[in-house]
>>> print(open('start-v5.cif').read())   # mmCIF, C-alpha atoms
data_model
#
loop_
_atom_site.label_atom_id
_atom_site.label_comp_id
_atom_site.auth_asym_id
_atom_site.auth_seq_id
_atom_site.Cartn_x
_atom_site.Cartn_y
_atom_site.Cartn_z
CA MET A 1 -12.58 31.51 -10.40
CA ASP A 2 -13.46 31.51 -6.68
CA GLN A 3 -10.17 31.58 -4.80
CA ASN A 4 -11.71 31.86 -1.31
CA PRO A 5 -8.95 30.33 0.87
CA TYR A 6 -11.43 28.84 3.34
CA LYS A 7 -13.36 27.12 0.56
CA LEU A 8 -10.15 25.75 -0.97
CA PHE A 9 -9.03 24.50 2.41
CA PHE A 10 -12.25 22.59 3.04
CA VAL A 11 -12.25 21.10 -0.46
CA ALA A 12 -8.70 19.88 0.07
CA LEU A 13 -9.62 18.54 3.53
CA PHE A 14 -12.62 16.69 2.08
CA CYS A 15 -10.40 15.07 -0.55
CA LEU A 16 -7.83 14.08 2.03
CA LEU A 17 -10.27 12.61 4.55
CA ILE A 18 -13.10 11.23 2.46
CA LEU A 19 -11.70 10.16 -0.88
CA SER A 20 -8.78 7.74 -1.01
CA PRO A 21 -6.36 8.04 -2.69
CA PRO A 22 -6.30 11.87 -3.13
CA VAL A 23 -6.17 11.56 -6.96
CA SER A 24 -9.80 10.38 -6.74
CA CYS A 25 -10.74 14.03 -6.19
CA GLN A 26 -10.38 14.33 -9.96
CA LEU A 27 -13.25 11.88 -10.34
CA ASP A 28 -16.75 13.31 -10.52
CA TYR A 29 -20.22 11.83 -10.03
CA LYS A 30 -21.44 13.94 -12.99
CA PHE A 31 -18.39 13.45 -15.20
CA TYR A 32 -20.33 12.25 -18.29
CA ASP A 33 -23.64 14.04 -17.67
CA SER A 34 -23.15 16.40 -20.61
CA THR A 35 -20.79 14.38 -22.83
CA CYS A 36 -22.59 11.00 -22.66
CA PRO A 37 -25.96 11.43 -20.94
CA ASN A 38 -27.24 7.94 -21.86
CA LEU A 39 -24.23 6.15 -20.38
CA THR A 40 -25.97 4.53 -17.39
CA TYR A 41 -28.95 3.47 -19.50
CA ILE A 42 -26.71 1.83 -22.12
CA VAL A 43 -24.68 -0.02 -19.49
CA ARG A 44 -27.71 -1.18 -17.51
CA LYS A 45 -29.62 -2.35 -20.58
CA THR A 46 -26.66 -4.39 -21.84
CA VAL A 47 -25.90 -5.92 -18.43
CA TRP A 48 -29.57 -6.77 -17.92
CA SER A 49 -29.67 -8.52 -21.29
CA ALA A 50 -26.48 -10.45 -20.48
CA ILE A 51 -27.83 -11.62 -17.11
CA ALA A 52 -31.16 -12.60 -18.67
CA ASN A 53 -29.19 -14.83 -21.04
CA ASP A 54 -26.78 -16.20 -18.40
CA THR A 55 -27.32 -15.62 -14.66
CA ARG A 56 -23.67 -16.52 -13.94
CA ILE A 57 -22.48 -13.48 -15.84
CA ALA A 58 -23.35 -11.06 -13.01
CA ALA A 59 -20.62 -12.55 -10.81
CA SER A 60 -18.22 -12.73 -13.74
CA LEU A 61 -18.63 -9.03 -14.54
CA LEU A 62 -18.16 -8.06 -10.90
CA ARG A 63 -15.02 -10.18 -10.79
CA LEU A 64 -13.57 -8.39 -13.83
CA HIS A 65 -13.69 -5.13 -11.90
CA PHE A 66 -11.95 -6.66 -8.86
CA HIS A 67 -9.26 -8.26 -10.99
CA ASP A 68 -8.67 -5.04 -12.91
CA CYS A 69 -8.37 -2.80 -9.85
CA PHE A 70 -6.09 -5.11 -7.88
CA VAL A 71 -3.45 -5.17 -10.61
CA ASN A 72 -1.76 -1.76 -10.83
CA GLY A 73 -5.04 0.08 -10.32
CA CYS A 74 -8.44 0.48 -12.02
CA ASP A 75 -7.14 1.25 -15.50
CA GLY A 76 -8.85 -1.33 -17.72
CA SER A 77 -5.56 -3.23 -18.17
CA LEU A 78 -7.28 -6.59 -17.65
CA LEU A 79 -9.18 -6.09 -20.90
CA LEU A 80 -6.08 -5.75 -23.09
CA ASP A 81 -5.12 -8.64 -25.36
CA ASP A 82 -1.47 -9.73 -25.55
CA THR A 83 0.75 -7.80 -27.98
CA THR A 84 4.32 -8.06 -29.21
CA THR A 85 5.40 -5.58 -26.51
CA PHE A 86 3.66 -7.03 -23.44
CA THR A 87 1.99 -10.18 -22.14
CA GLY A 88 -1.34 -9.15 -20.67
CA GLU A 89 -3.35 -10.25 -17.66
CA LYS A 90 -5.99 -12.45 -19.29
CA ASN A 91 -3.77 -15.53 -19.20
CA ALA A 92 -2.36 -14.97 -15.72
CA SER A 93 -3.10 -17.89 -13.38
CA PRO A 94 -6.02 -16.18 -11.55
CA ASN A 95 -7.70 -15.29 -14.88
CA LYS A 96 -6.88 -18.06 -17.34
CA ASN A 97 -9.94 -20.14 -18.22
CA SER A 98 -11.94 -18.35 -15.53
CA ALA A 99 -12.21 -14.61 -16.28
CA ARG A 100 -15.24 -14.13 -18.53
CA GLY A 101 -17.66 -11.45 -19.68
CA PHE A 102 -15.26 -9.64 -22.01
CA GLU A 103 -17.84 -9.77 -24.81
CA VAL A 104 -20.32 -7.83 -22.65
CA ILE A 105 -17.73 -5.07 -22.20
CA ASP A 106 -17.09 -5.10 -25.97
CA THR A 107 -20.80 -4.68 -26.69
CA ILE A 108 -21.13 -1.76 -24.29
CA LYS A 109 -18.03 -0.08 -25.69
CA ALA A 110 -19.21 -0.46 -29.28
CA THR A 111 -22.58 1.07 -28.39
CA LEU A 112 -20.94 3.94 -26.54
CA GLU A 113 -18.57 4.64 -29.43
CA LYS A 114 -21.63 5.26 -31.59
CA ALA A 115 -23.46 7.33 -28.97
CA CYS A 116 -20.48 9.35 -27.68
CA PRO A 117 -17.23 8.51 -29.51
CA SER A 118 -13.88 8.52 -27.69
CA THR A 119 -15.51 9.68 -24.47
CA VAL A 120 -16.06 6.88 -21.95
CA SER A 121 -13.07 4.90 -20.73
CA CYS A 122 -13.01 1.13 -20.47
CA ALA A 123 -11.99 1.53 -16.82
CA ASP A 124 -15.18 3.47 -16.13
CA ILE A 125 -17.22 0.90 -18.07
CA LEU A 126 -15.87 -1.86 -15.80
CA THR A 127 -16.71 0.21 -12.73
CA LEU A 128 -20.28 0.87 -13.86
CA VAL A 129 -20.82 -2.69 -15.06
CA ALA A 130 -19.85 -4.04 -11.63
CA ARG A 131 -22.36 -1.72 -9.93
CA GLU A 132 -25.12 -2.65 -12.38
CA ALA A 133 -24.43 -6.39 -12.03
CA VAL A 134 -24.81 -6.16 -8.25
CA TYR A 135 -27.88 -3.94 -8.51
CA LEU A 136 -29.62 -6.26 -10.98
CA ALA A 137 -28.73 -9.35 -8.91
CA GLY A 138 -29.50 -7.80 -5.53
CA GLY A 139 -32.16 -5.13 -5.86
CA GLN A 140 -32.59 -1.51 -4.89
CA TYR A 141 -30.56 -1.64 -1.68
CA PHE A 142 -27.47 -2.69 -3.62
CA PHE A 143 -27.00 0.57 -5.49
CA TRP A 144 -24.36 3.20 -4.92
CA ALA A 145 -23.26 6.38 -6.68
CA VAL A 146 -20.10 5.93 -8.73
CA PRO A 147 -17.61 8.78 -9.27
CA LEU A 148 -16.28 8.66 -12.83
CA GLY A 149 -13.50 10.09 -14.95
CA ARG A 150 -10.96 7.25 -14.98
CA ARG A 151 -8.73 6.88 -18.01
CA ASP A 152 -7.34 3.73 -19.56
CA GLY A 153 -3.85 2.36 -19.09
CA THR A 154 -1.66 1.66 -22.09
CA THR A 155 -0.04 -1.56 -20.91
CA ALA A 156 -0.76 -4.71 -18.88
CA SER A 157 1.32 -7.19 -16.92
CA GLN A 158 0.78 -10.92 -16.53
CA SER A 159 3.41 -11.11 -13.79
CA ALA A 160 1.73 -8.32 -11.83
CA ALA A 161 -1.59 -10.17 -12.01
CA ASN A 162 0.05 -13.35 -10.74
CA ASP A 163 1.69 -11.46 -7.87
CA GLN A 164 -1.00 -8.99 -6.81
CA LEU A 165 -4.30 -10.87 -7.03
CA PRO A 166 -5.38 -12.75 -3.89
CA SER A 167 -5.53 -16.53 -4.23
CA PRO A 168 -8.06 -18.92 -2.64
CA PHE A 169 -5.08 -21.01 -1.52
CA GLU A 170 -3.40 -18.21 0.45
CA PRO A 171 -3.65 -17.81 4.22
CA LEU A 172 -5.69 -14.90 5.53
CA GLU A 173 -2.63 -12.91 6.58
CA ASN A 174 -1.30 -12.94 3.00
CA ILE A 175 -4.64 -11.85 1.57
CA THR A 176 -4.92 -9.12 4.22
CA ALA A 177 -1.47 -7.85 3.24
CA LYS A 178 -2.51 -7.63 -0.42
CA PHE A 179 -5.60 -5.61 0.55
CA THR A 180 -3.55 -3.34 2.80
CA SER A 181 -1.08 -2.69 -0.02
CA LYS A 182 -3.99 -1.31 -2.05
CA GLY A 183 -5.16 1.03 0.72
CA LEU A 184 -7.96 -1.30 1.82
CA ASP A 185 -8.48 -2.46 5.40
CA ILE A 186 -9.87 -5.50 7.23
CA LYS A 187 -13.44 -4.22 6.94
CA ASP A 188 -13.04 -3.79 3.18
CA LEU A 189 -11.65 -7.32 2.97
CA VAL A 190 -14.69 -8.80 4.69
CA LEU A 191 -17.12 -6.68 2.69
CA LEU A 192 -15.58 -7.27 -0.73
CA SER A 193 -15.34 -10.99 0.03
CA GLY A 194 -19.12 -10.78 0.32
CA ALA A 195 -19.18 -10.62 -3.49
CA HIS A 196 -18.93 -14.42 -3.21
CA THR A 197 -22.64 -14.42 -2.47
CA ILE A 198 -23.04 -14.96 -6.23
CA GLY A 199 -21.09 -16.96 -8.77
CA PHE A 200 -19.39 -20.32 -9.02
CA ALA A 201 -15.93 -21.72 -8.38
CA GLN A 202 -14.09 -24.47 -10.22
CA CYS A 203 -13.55 -27.63 -8.20
CA PHE A 204 -9.77 -27.35 -8.21
CA THR A 205 -10.01 -24.16 -6.14
CA PHE A 206 -11.46 -25.99 -3.13
CA LYS A 207 -10.91 -29.73 -3.76
CA PRO A 208 -8.09 -30.02 -1.18
CA ARG A 209 -10.70 -29.22 1.50
CA LEU A 210 -12.73 -32.24 0.40
CA PHE A 211 -10.05 -34.92 0.35
CA ASP A 212 -6.63 -33.78 1.52
CA PHE A 213 -6.89 -30.76 3.78
CA ALA A 214 -3.47 -29.41 4.75
CA LYS A 215 -1.90 -32.62 3.34
CA SER A 216 -3.68 -34.66 6.03
CA GLY A 217 -5.29 -37.14 3.67
CA LYS A 218 -8.65 -36.19 5.24
CA PRO A 219 -11.33 -33.56 4.60
CA ASP A 220 -11.32 -30.16 6.31
CA PRO A 221 -12.80 -30.92 9.76
CA THR A 222 -14.46 -27.48 9.91
CA LEU A 223 -16.51 -28.02 6.74
CA ASP A 224 -20.19 -28.78 7.31
CA VAL A 225 -20.69 -32.53 6.83
CA SER A 226 -23.76 -32.34 4.59
CA LEU A 227 -22.09 -29.76 2.35
CA LEU A 228 -18.94 -31.88 2.26
CA GLN A 229 -20.90 -34.86 0.95
CA LYS A 230 -22.61 -32.79 -1.72
CA LEU A 231 -19.34 -31.30 -2.88
CA GLN A 232 -17.60 -34.67 -2.99
CA SER A 233 -20.32 -35.90 -5.35
CA VAL A 234 -19.93 -32.85 -7.61
CA CYS A 235 -16.13 -32.88 -7.42
CA PRO A 236 -14.90 -36.48 -7.12
CA ASN A 237 -11.23 -36.93 -6.29
CA GLN A 238 -10.01 -37.20 -9.87
CA ALA A 239 -8.38 -34.80 -12.29
CA ASP A 240 -11.25 -34.65 -14.77
CA SER A 241 -13.47 -32.95 -12.18
CA ASP A 242 -11.14 -29.98 -11.69
CA THR A 243 -13.08 -27.64 -13.96
CA LYS A 244 -16.56 -28.59 -12.79
CA LEU A 245 -18.46 -25.84 -11.02
CA ALA A 246 -20.03 -25.43 -7.59
CA PRO A 247 -21.90 -22.34 -6.32
CA LEU A 248 -20.01 -20.10 -3.92
CA ASP A 249 -23.32 -19.62 -2.08
CA PRO A 250 -25.45 -22.76 -2.45
CA VAL A 251 -28.42 -21.14 -0.66
CA THR A 252 -29.10 -18.23 -3.05
CA SER A 253 -26.50 -18.62 -5.79
CA ASP A 254 -28.02 -16.04 -8.19
CA LYS A 255 -29.15 -13.44 -5.64
CA PHE A 256 -26.82 -10.81 -4.23
CA ASP A 257 -27.58 -10.89 -0.50
CA ASN A 258 -25.90 -11.56 2.85
CA SER A 259 -26.24 -15.36 2.75
CA TYR A 260 -22.49 -15.61 2.19
CA TYR A 261 -21.92 -14.52 5.78
CA THR A 262 -24.55 -16.85 7.18
CA ASN A 263 -22.84 -19.69 5.34
CA LEU A 264 -19.50 -18.83 6.96
CA VAL A 265 -21.08 -18.74 10.42
CA ASN A 266 -22.47 -22.21 9.67
CA ASN A 267 -19.08 -23.55 8.47
CA SER A 268 -20.40 -23.72 4.92
CA GLY A 269 -18.01 -21.43 3.09
CA LEU A 270 -16.84 -22.98 -0.17
CA LEU A 271 -13.31 -21.58 -0.46
CA GLN A 272 -10.80 -22.03 2.32
CA SER A 273 -9.89 -18.35 1.98
CA ASP A 274 -13.53 -17.45 2.71
CA GLN A 275 -14.00 -19.80 5.67
CA ALA A 276 -10.70 -18.52 7.09
CA LEU A 277 -12.50 -15.27 7.92
CA MET A 278 -14.05 -17.14 10.86
CA GLY A 279 -10.62 -18.01 12.22
CA ASN A 280 -9.65 -14.45 13.08
CA ASN A 281 -11.42 -12.49 15.84
CA LYS A 282 -11.66 -9.22 13.92
CA THR A 283 -12.91 -10.71 10.65
CA ALA A 284 -15.19 -13.21 12.41
CA SER A 285 -16.87 -10.38 14.31
CA LEU A 286 -17.58 -8.54 11.05
CA VAL A 287 -18.86 -11.72 9.38
CA THR A 288 -21.27 -12.32 12.25
CA TYR A 289 -22.43 -8.69 12.13
CA TYR A 290 -23.20 -8.76 8.41
CA SER A 291 -24.91 -12.15 8.71
CA LYS A 292 -27.39 -10.51 11.10
CA PHE A 293 -27.84 -7.11 9.44
CA PRO A 294 -28.36 -7.32 5.66
CA TYR A 295 -29.11 -3.60 5.32
CA TYR A 296 -25.72 -2.64 6.75
CA PHE A 297 -24.04 -5.10 4.39
CA SER A 298 -25.69 -3.47 1.38
CA ARG A 299 -24.74 0.00 2.58
CA ASP A 300 -21.16 -0.82 3.53
CA PHE A 301 -20.51 -3.01 0.48
CA GLY A 302 -21.17 -0.02 -1.78
CA ALA A 303 -18.78 2.14 0.23
CA SER A 304 -15.99 -0.45 -0.06
CA MET A 305 -16.65 -0.81 -3.80
CA VAL A 306 -16.19 2.96 -4.26
CA LYS A 307 -13.00 2.78 -2.22
CA MET A 308 -11.66 -0.10 -4.32
CA ALA A 309 -12.63 1.68 -7.55
CA ASN A 310 -10.30 4.54 -6.54
CA ILE A 311 -7.17 2.37 -6.50
CA GLY A 312 -4.46 3.77 -8.76
CA VAL A 313 -6.80 5.58 -11.12
CA LEU A 314 -5.50 7.55 -14.09
CA THR A 315 -7.13 10.96 -14.59
CA GLY A 316 -6.59 14.22 -16.42
CA GLN A 317 -4.12 13.70 -19.26
CA SER A 318 -2.74 10.39 -17.98
CA GLY A 319 -3.49 7.26 -20.01
CA GLU A 320 -6.03 7.44 -22.82
CA ILE A 321 -9.64 6.73 -23.79
CA ARG A 322 -9.50 3.49 -25.77
CA LYS A 323 -11.72 3.11 -28.79
CA ASN A 324 -11.57 -0.70 -28.40
CA CYS A 325 -11.11 -2.03 -24.88
CA ARG A 326 -8.93 -4.92 -26.11
CA VAL A 327 -6.21 -2.78 -27.72
CA VAL A 328 -4.32 0.43 -27.05
CA ASN A 329 -5.17 3.22 -29.49
#
>>> encode(input="start-v5.cif", output="C-alpha cells")
Amino acid sequence: MDQNPYKLFFVALFCLLILSPPVSCQLDYKFYDSTCPNLTYIVRKTVWSAIANDTRIAASLLRLHFHDCFVNGCDGSLLLDDTTTFTGEKNASPNKNSARGFEVIDTIKATLEKACPSTVSCADILTLVAREAVYLAGGQYFFWAVPLGRRDGTTASQSAANDQLPSPFEPLENITAKFTSKGLDIKDLVLLSGAHTIGFAQCFTFKPRLFDFAKSGKPDPTLDVSLLQKLQSVCPNQADSDTKLAPLDPVTSDKFDNSYYTNLVNNSGLLQSDQALMGNNKTASLVTYYSKFPYYFSRDFGASMVKMANIGVLTGQSGEIRKNCRVVN
C-alpha cells in the first residue's frame, strides 16, 4: 500500500474540505462498477417506466430522498414498515397520505436482488432514483455524478420525522435552522427548494393563504391575484377540498426547470414557505439569480443534492444491505 505521507495528507485534506461530512469519503463514484455493473441502467429504466405511467411520480420519488435524508440521515429508514419494536416514518405527519412511490423502489430492489443479490442498499437506490427522476424530468443539464456505498439503517422513528422534516407552515427561520442542523446552508436551502418546480401539493398545505392568512380572515396580500382566484376555485374554503391537488409550479408542472424561481419573483409561489424566500435579503437574492440563470441552477442543484445525500450516511460495516427495503433483514 502506498503510504506516501504527502499523498495521505492531500487525500485527508480533500475529504475535509470537499466532502461533507468526512464519513462521505467512504463513498465512491465507482462503488458498484464491478459488483453490480447494470445498476444505473436498471434504475433509469424503472424510473422512466414509472414516469411514463404517471408524470407526478418524478416529484414523489425525489421527495422520498429528501424525506429520508432529513430524518437521521440517508439510511433508507423512510422505507421501513412499522414493526412491533418501532413505529416508522411512513405515517408521520409530513408523510402520511402524501409520501408515494414506494412500489417503484420495491420494483427496483427486486430486480437488483436478481441481478446482484445483497449488494445495493436501499439508501443508494433512493439516491439514484432521485437523480434519475430529475434527469428524466429536466434533461441533460440536470445530471450529476452520485457517490455510492451507503448502507441501510435498521430502525426508523416517527417522532424524528415529525420533528426534523421542514413544514410548509413553518417560518423561514425555523426551516433554515433545520437545514443548518443537517450541515446545509442558505444556498442549499434555496437550491433544494427548487425541487418544487415539479409536483403537486394538497390544498390544506396552502389553503390559509387563500382565505385566512395569518388569522386575518383575508387572503395573503402578497399572492398574485390571478393565481389566488384560480386556487380558490380549485380549493374552496371547505373541508372536503383539503386533499385536492394544485401544481407547485403551474407554468411547467411536469418539467424540471427554473420556473419555480420566476414564480417566486412574480409572487406566485404556492406554499407560504416557498414565497417566504422573497422576504429575506439573502434568500431573495439567490432566488432572483436562479430565475435569471437556469444553467447555474442546474449545476448548483446537483451540488446541493450530493451534499444532502451525504447527511448521516452509514458505511463500512455499519447498518446492513436490506434484501427487502420495507423490512430489516
>>> closest_residue(input="start-v5.cif", among="A:Trp48, A:Phe86, A:Phe31, A:Phe213", to="Ala137 in chain A", atoms="all atoms listed in the file")
A:Trp48
>>> resolve_selection(input="start-v5.cif", expression="the PyMOL selection byres ((chain A and resi 110-114) around 10)", output="JSON, numbers by chain")
{"A": [36, 38, 39, 42, 43, 46, 104, 105, 106, 107, 108, 109, 115, 116, 117, 118, 119, 120, 121, 125, 322, 323, 324, 325]}
>>> atom_distance(input="start-v5.cif", atom1="CA of Asp274 in chain A", atom2="CA of Gly76 in chain A")
26.4 Å
>>> atom_distance(input="start-v5.cif", atom1="CA of Arg56 in chain A", atom2="CA of Ile198 in chain A")
7.9 Å
>>> resolve_selection(input="start-v5.cif", expression="the PyMOL selection byres ((chain A and resi 259) around 9)", output="PyMOL selection string")
chain A and resi 194+197+249+251-252+256-258+260-264+291+294
>>> decode(input="start-v5.cif", residues="range 220-232 of chain A", atoms="N, CA, C and O atoms", output="PDB file, in the first residue's frame")
ATOM      1  N   ASP A 220     -53.699  36.093   1.578  1.00  0.00           N
ATOM      2  CA  ASP A 220     -52.342  36.625   1.647  1.00  0.00           C
ATOM      3  C   ASP A 220     -52.214  37.772   0.644  1.00  0.00           C
ATOM      4  O   ASP A 220     -52.372  37.573  -0.561  1.00  0.00           O
ATOM      5  N   PRO A 221     -51.935  38.984   1.103  1.00  0.00           N
ATOM      6  CA  PRO A 221     -51.886  40.132   0.190  1.00  0.00           C
ATOM      7  C   PRO A 221     -50.731  40.066  -0.807  1.00  0.00           C
ATOM      8  O   PRO A 221     -50.755  40.780  -1.824  1.00  0.00           O
ATOM      9  N   THR A 222     -49.726  39.217  -0.543  1.00  0.00           N
ATOM     10  CA  THR A 222     -48.601  39.125  -1.478  1.00  0.00           C
ATOM     11  C   THR A 222     -48.870  38.157  -2.628  1.00  0.00           C
ATOM     12  O   THR A 222     -48.120  38.145  -3.608  1.00  0.00           O
ATOM     13  N   LEU A 223     -49.915  37.354  -2.532  1.00  0.00           N
ATOM     14  CA  LEU A 223     -50.186  36.339  -3.553  1.00  0.00           C
ATOM     15  C   LEU A 223     -50.788  36.970  -4.800  1.00  0.00           C
ATOM     16  O   LEU A 223     -51.750  37.754  -4.709  1.00  0.00           O
ATOM     17  N   ASP A 224     -50.222  36.643  -5.945  1.00  0.00           N
ATOM     18  CA  ASP A 224     -50.716  37.164  -7.222  1.00  0.00           C
ATOM     19  C   ASP A 224     -52.222  36.960  -7.341  1.00  0.00           C
ATOM     20  O   ASP A 224     -52.736  35.861  -7.082  1.00  0.00           O
ATOM     21  N   VAL A 225     -52.946  37.999  -7.725  1.00  0.00           N
ATOM     22  CA  VAL A 225     -54.414  37.986  -7.709  1.00  0.00           C
ATOM     23  C   VAL A 225     -54.987  36.922  -8.647  1.00  0.00           C
ATOM     24  O   VAL A 225     -55.921  36.196  -8.280  1.00  0.00           O
ATOM     25  N   SER A 226     -54.449  36.822  -9.844  1.00  0.00           N
ATOM     26  CA  SER A 226     -54.996  35.840 -10.792  1.00  0.00           C
ATOM     27  C   SER A 226     -54.758  34.414 -10.297  1.00  0.00           C
ATOM     28  O   SER A 226     -55.629  33.545 -10.444  1.00  0.00           O
ATOM     29  N   LEU A 227     -53.597  34.168  -9.705  1.00  0.00           N
ATOM     30  CA  LEU A 227     -53.326  32.845  -9.148  1.00  0.00           C
ATOM     31  C   LEU A 227     -54.243  32.583  -7.964  1.00  0.00           C
ATOM     32  O   LEU A 227     -54.773  31.468  -7.811  1.00  0.00           O
ATOM     33  N   LEU A 228     -54.456  33.590  -7.142  1.00  0.00           N
ATOM     34  CA  LEU A 228     -55.352  33.452  -5.996  1.00  0.00           C
ATOM     35  C   LEU A 228     -56.734  32.988  -6.438  1.00  0.00           C
ATOM     36  O   LEU A 228     -57.310  32.055  -5.859  1.00  0.00           O
ATOM     37  N   GLN A 229     -57.257  33.604  -7.459  1.00  0.00           N
ATOM     38  CA  GLN A 229     -58.600  33.251  -7.944  1.00  0.00           C
ATOM     39  C   GLN A 229     -58.651  31.819  -8.465  1.00  0.00           C
ATOM     40  O   GLN A 229     -59.614  31.087  -8.205  1.00  0.00           O
ATOM     41  N   LYS A 230     -57.613  31.414  -9.179  1.00  0.00           N
ATOM     42  CA  LYS A 230     -57.560  30.045  -9.689  1.00  0.00           C
ATOM     43  C   LYS A 230     -57.511  29.033  -8.542  1.00  0.00           C
ATOM     44  O   LYS A 230     -58.206  28.014  -8.559  1.00  0.00           O
ATOM     45  N   LEU A 231     -56.692  29.344  -7.553  1.00  0.00           N
ATOM     46  CA  LEU A 231     -56.542  28.423  -6.429  1.00  0.00           C
ATOM     47  C   LEU A 231     -57.808  28.343  -5.591  1.00  0.00           C
ATOM     48  O   LEU A 231     -58.164  27.271  -5.090  1.00  0.00           O
ATOM     49  N   GLN A 232     -58.497  29.460  -5.437  1.00  0.00           N
ATOM     50  CA  GLN A 232     -59.751  29.448  -4.676  1.00  0.00           C
ATOM     51  C   GLN A 232     -60.818  28.608  -5.365  1.00  0.00           C
ATOM     52  O   GLN A 232     -61.670  28.012  -4.699  1.00  0.00           O
TER      53      GLN A 232
END
